[in-house]
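Okay, so here's the structure we're looking at.
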Amino acid sequence: MMSKKILMITGDFTEDYETMVPFQTLLAVGHQVDAVCPDKKAGDSVATAIHDFEGDQTYSEKPGHRFALNASFDEIDPAAYDALVIPGGRAPEYLRLNSDVIKMVRHFFDTNKPVAAICHGAQLLAAADVLKGRRCSAYPACSPEVRLAGGEFAEIEVDQATTDGNLVTAPAWPAHPAWLSQFMALLNS
């Protein structure tokens with residue numbers, strides 16, 4: 001396996017597992033992962049939230065860990081990266097309002113580099129206008145945004161993932177084994 005340089009765009013109240021698990025897993029298998037957040041620099045942290053599925057009509061939310069960023073957003077050149085990871089949680093809701101984030105996301109689609117988005121990460125994909133004609137999974141509450149952006153919402157089990165070209169998506173953190181496996185297959189192709 002050849003080591004890849006991966007950009008992770010995250011923010012405050014990102015989902016804890018959807019940030020920590022891919023970050024640590026990709027590092028563990030030898031990739032470089034730079035985690036960034038607008039208006040923050042290396043050494044700063046973002047708050048995370050743990051979303052759990054406890055039988056209610058939607059997920060519950062509990063405080064998570066502080067996640068330390070290891071790169072500075074203002075110093076990022078997306079052209080220097082081989083792939084992109086977009087965690088879910090509430091961060092995509094406000095990250096999609098940042099024009100620099102949108103430009104970064106679009107770069108990975110314009111250059112056909114691998115992109116892994118999970119859960120509410122689809123909100124960022126929809127805002128970047130990169131879902132037309134693509135099959136995309138997400139947390140079910142994001143299905144209207146996927147469809148309104150011209151995508152086909154993939155209604156799959158919460159522990160499954162789907163790949164469409166350079167895009168790997170999943171509904172939520174229970175899909176980590178399938179989601180990360182499919183993303184790593186793209187990284188190695």
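Residues in the structure tokens are named by chain (A, B, ... in the order shown) and by number from 1 within that chain; ligands are numbered from 1 in the order shown.
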
Among region 94-157 of chain A, which ones does DSSP place in helix (DSSP H, G or I), written as a PyMOL selection string?
chain A and resi 94-95+99-110+121-127+140-148

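Shortest separation to Phe183 (chain A) among A:Thr25, A:Thr10, A:Ser60, A:Thr19 occurs at residue A:Thr25, atoms counted being only C-alpha atoms.
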
Write out as a ChimeraX atom specification all residues of region 8-142 of chain A that DSSP puts in strand (DSSP E or B) for this structure's backbone.
/A:8-9,14-15,32-36,45-52,60-68,83-86,89,115-118,135-136

Between A:Val101, A:Ala35, A:Leu125, A:Ile118, which one has atoms that come closest to Glu15 (chain A), using only C-alpha atoms?
A:Ile118

Could you make a table, as a Markdown table, of the residues of region 40-101 of chain A that have an atom within 12 Å of an atom of region 132-142 of chain A, each with its nearest atom pair and distance in Å to one decimal, counting only C-alpha atoms, in chain and number order?
| residue | atom | partner | partner_atom | distance |
| --- | --- | --- | --- | --- |
| A:His51 | CA | A:Tyr139 | CA | 11.3 |
| A:Phe53 | CA | A:Tyr139 | CA | 11.6 |
| A:Gln57 | CA | A:Ala141 | CA | 10.8 |
| A:Thr58 | CA | A:Ala141 | CA | 8.8 |
| A:Tyr59 | CA | A:Tyr139 | CA | 9.9 |
| A:Ile86 | CA | A:Ala138 | CA | 11.5 |
| A:Pro87 | CA | A:Ala138 | CA | 10.8 |
| A:Gly88 | CA | A:Tyr139 | CA | 8.8 |
| A:Gly89 | CA | A:Tyr139 | CA | 9.7 |
| A:Arg90 | CA | A:Tyr139 | CA | 11.7 |
| A:Pro92 | CA | A:Cys142 | CA | 11.2 |
| A:Glu93 | CA | A:Cys142 | CA | 10.7 |
